Each structure stands twice: as C-alpha cells, then as structure tokens.
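Novice: One structure, pasted below without further comment.
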Amino acid sequence: MRYVKWAFWITFWLLVAAFFHYTLPQHDIARITDTYERRIDFGENSIFWASPDVGSDGTLNNRDVFFIQTVQPDGDVMVYRNEVSGWGWPPYFKFDTSNLQAEAADLRSTSANPTWVAITHYGWRNEFMSIFPNAVSVKRVEGPDATIIPWVSFIVLLFFAALAWGLWVRWKRFRAARIDPLVSDMGDSWDAAGHNLNERRGRFSRWLDSWKQK
C-alpha cells in the first residue's frame, strides 16, 4: 500500500510539472533564418496544435500554418509554429499571427551578420511526433548572452505553491479534527466488539467444560 501511495503522488506531481512546463511561457535567444507558411494535415498530434483562426472553419482537417526557423547561439536549430491561441488554453489571447510573422521576417539575418532575438513561446518540440512550440512574441536583443527573467512563470508558480500549501494545511486540519477521531472511534468500537465476542466465546467454552465434567 505504501508503494502504491508513493507511485500515485510521484505520477501526480510529474503530470503537474509537465503541465506547467508546456503551458508557461519560455524565452529562447536565437537568430531567425527564415519564415514560411505550410499546409498541415492534422492527425494523432492534433491536440498539440492550436485551434483554427478566429473566423475560419473549425471543421477542416488541414490548414495553412506559419513557421519561424531559427538557429540558437550553440548552433542548434529550433522551428516554431505561429498560430492563434484565441480564447482557448493556454490563455495567451494571441490573435496577431500575421503581424508576428511580419516582425519575424523583418528580423531575419545571416551568420555573418546576426541579429539576435528573444522568442517567447509555449509548448514542446518533438521531431518524431511533429510537435512545434508556438511562438507568442519576438523581441530584438543586444546579443546571444542576453538574459530574460521569466517573471510571469515565477508569479504563477509562486501562486500555485501558495495555493497547494494552503490546501494541504486545511486538509491536515480537517483530517485531525474530523477523520482521525472518527477512525479512532471505529477502532475502539471494533476492539469493544472483539472483546465482547471473546467474552462470549469464553462463556460458551466454560459451559461446554461443565458438561464434559458431568
């Protein structure tokens, strides 16, 4: 039972960590090499794509999606999608994909004369499942060593920690005030019932012994 409890809580907190890692904004320093638009046919990975643009047909199985190609300071390549998040989840309320694509195209540069930008995004990159993080904003920075402090993530995680702590404290108090006394009373009742049963068995045994003596 103890191992089942530990497995449950480890799985629970891993899912919570994955949820926040996917949802909270992240910042990458990179150089934009190209921007393009490609027709995407949605399949099993459709959950990792945003909803259709506002005003478009939400029943289509494919649509055109903007992409932003980048190269990071260490030479790694990262490709971002540029989709409307709309009123759905995560709540970025992003409607300016065309404007963002134009800004990204204007910031394209070469390795000989690089222009470094900070790309704010959410989501994951998985080549096997064709999953791309969704770019939210692009901002020019001074160089590849620029530091972006994730204030939004800090505030959200701090609020979640305070909420989880408050719920845990209230649960402990509720358990100590209501559940533990009830369990203790049930245990006392079982002990009393067991004592009465043993006493009755003893009486019955003594009655049988009295007949054996006769």
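Identifiers in the structure tokens: chain A, B, ... in order shown; residue index from 1 per chain; ligand index from 1 in order shown.
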As a PyMOL selection string, please: every residue in range 2-199 of chain A that DSSP puts in helix (DSSP H, G or I).
Specialist: chain A and resi 2-23+46-48+97-106+151-199
Novice: Within 7 Å of range 95-106 of chain A, counting only C-alpha atoms, which residues qualify if same-chain residues fewer than 3 places away don't, as a PyMOL selection string?
Specialist: chain A and resi 34-35+82-86+137-138
Novice: Restricting the calculation to only C-alpha atoms, which member of A:Val4, A:Val65, A:Val71, A:Val77 is positioned closest to Ile40 in chain A?
Specialist: A:Val65
Novice: Rank nothing, just name the residue among A:Ile155, A:Ala135, A:Ala118, A:Val169 nearest to Phe66 in chain A, using only C-alpha atoms.
Specialist: A:Ala135
Novice: Of the candidates A:Ile179, A:Met129, A:Val141, A:Leu157, which one gets nearest to Ile29 in chain A if we count only C-alpha atoms?
Specialist: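 Smallest distance to Ile29 in chain A is found for A:Val141.
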Novice: Please, which residues of range 15-97 of chain A, numbered as in this document, come out strand (DSSP E) from DSSP, as JSON, numbers by chain?
Specialist: {"A": [26, 27, 28, 29, 30, 31, 32, 33, 34, 35, 36, 37, 38, 39, 40, 41, 62, 63, 64, 65, 66, 67, 68, 69, 70, 71, 77, 78, 79, 80, 81, 82]}
Novice: From the set A:Ala176, A:Val156, A:Ala164, A:Val79, which residue has the shortest atom-to-atom contact distance to Asn126 in chain A, counting only C-alpha atoms?
Specialist: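 Using only C-alpha atoms, the shortest distance to Asn126 in chain A belongs to A:Val79.
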Novice: For Arg108 in chain A, find every residue with an atom within 8 Å (counting only C-alpha atoms), except residues of its own chain fewer than 6 positions away, and show them as a count of residues only.
Specialist: 5
Novice: Separation of CA of Pro144 in chain A and CA of Glu37 in chain A, in Å?
Specialist: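 Computing it gives 26.6 Å between the two atoms.
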